[in-house]
Each structure stands twice: as C-alpha cells, then as structure tokens.
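Enquirer: I am attaching a structure below and will ask some questions about it afterwards.
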Amino acid sequence: MTTSKGEGDVKEPVNEQAVANLYGTMRSEISQLHTKITELEMEVSEHSLVVGAIQPLDPSRRCYRMIGGVLVERTIKEVLPAVQRNKAGLEEVISRLNEALERKKKEMVDFEAKYKIRIRKP
C-alpha cells in the first residue's frame with residue numbers, strides 16, 4: 001500500500017518510530033524551505049538596493065558587476081536591465097518555494113491528523 005503526493009512511492013510507516021522519523025523528515029524539509037526563502041529574500045533586497053542606487057545615475061557611467069566571481073566593468077545601461085531580470089527571476093523562485101512550503105505544511109497537518117501527532121511544548 002502506498003500513499004504519495006508527488007513524491008514517488010512512499011510507503012506507509014509501519015510503527016511509531018517510522019512515523020516519528022517521517023515526521024522529523026517533513027519538519028526538516030519545511031525548515032530547509034524557510035531557510036532558502038529567507039536567503040533568496042535577502043538577495044532580492046540587495047538587488048533592490050543596487051537598482052535604487054544606480055537607476056538615477058547617467059546610463060553611460062561605468063559600474064562594476066560581479067559575474068561568477070569575476071569583477072567586470074560595464075556601463076549602467078548594460079547592468080541595470082540584467083540586475084532587474086535577476087531580481088524578477090529571484091522573486092519568481094521565491095513564489096514557487098512559497099507554494100511548495102504551503103503544500104508541505106498542508107501535508108504535515110494531514111500527517112499530524114492521520115497519526116494523531118501532538119507536539120509537547122517545553
């Protein structure tokens with residue numbers, strides 16, 4: 001017997017220890033998603049600061065951009081669209097991760113209800 005929500009064939013846990021292990025794995029995955037979302041939100045914030053700093057400047061002015069660990073000299077006219085594209089891409093990834101996080105949270109709530117799991121507060 002298998003129950004799965006897009007995760008391949010996940011077998012029903014056979015005992016309390018297996019349930020606890022699976023629950024711990026789910027909590028860990030949710031924690032990892034939170035961490036990644038926070039990290040990407042910080043990057044979006046940095047991109048916003050850069051856009052705000054260079055947007056009012058002369059488009060022909062030189063600026064420097066780090067690409068793959070190499071500092072390259074470009075003009076603001078070349079860099080600004082790239083930074084804005086990167087920011088938009090990061091926001092899209094954050095949106096997808098938030099959707100995945102909500103799915104995981106719902107999955108965990110269903111799991112808690114199914115196996116009557118309650119967390120004791122210290």
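Please note that chains go A, B, ... in the order of the structure tokens, that every chain numbers its residues from 1, and that ligands are numbered from 1 in the order shown.
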Can you tell me, as a PyMOL selection string, what residues are no more than 12 Å from segment 47-55 of chain A when counting only C-alpha atoms, ignoring any on the same chain fewer than 4 positions away?

Expert: chain A and resi 40-43+59-65+75-91

Enquirer: Which of these, A:Leu57, A:Ile94, A:Tyr23, A:Glu12, has the shortest distance to Lys36 of chain A once you count only C-alpha atoms?

Expert: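 The closest residue to Lys36 of chain A is A:Ile94.
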
Enquirer: Rank nothing, just name the residue among A:Ile37, A:Val14, A:Met26, A:Val44 nearest to Asn98 of chain A, using only C-alpha atoms.

Expert: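 Checking each candidate against Asn98 of chain A, we get A:Ile37 as the closest.
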
Enquirer: Mind checking DSSP for segment 25-119 of chain A and telling me the alpha helix (DSSP H) residues as an MDAnalysis selection string?

Expert: chainID A and resid 25:54 76:115

Enquirer: Could you name the residues that touch segment 104-110 of chain A at 9 Å or less, counting only C-alpha atoms, but leaving out those on the same chain fewer than 3 positions away, as a list in words?

Expert: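 Listing them by chain and then by number gives Lys5, Tyr23, Met26, Arg27, Glu29, Ile30, Glu99, Ala100, Leu101, Ala113, Lys114 and Tyr115 of chain A.
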
Enquirer: Select from segment 65-107 of chain A everything DSSP, run on the backbone, classes as strand (DSSP E or B), then give the selection as a ChimeraX atom specification.

Expert: /A:65-67,70-75

Enquirer: What is the atom CA of Ile117 of chain A-atom CA of Glu16 of chain A distance in Å, reported with one decimal?

Expert: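 Between atom CA of Ile117 of chain A and atom CA of Glu16 of chain A the gap is 10.5 Å.
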
Enquirer: Quick one: pull the distance between atom CA of Ser45 of chain A and atom CA of Leu33 of chain A, Å, one decimal.

Expert: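 Calculated distance between atom CA of Ser45 of chain A and atom CA of Leu33 of chain A is 18.3 Å.
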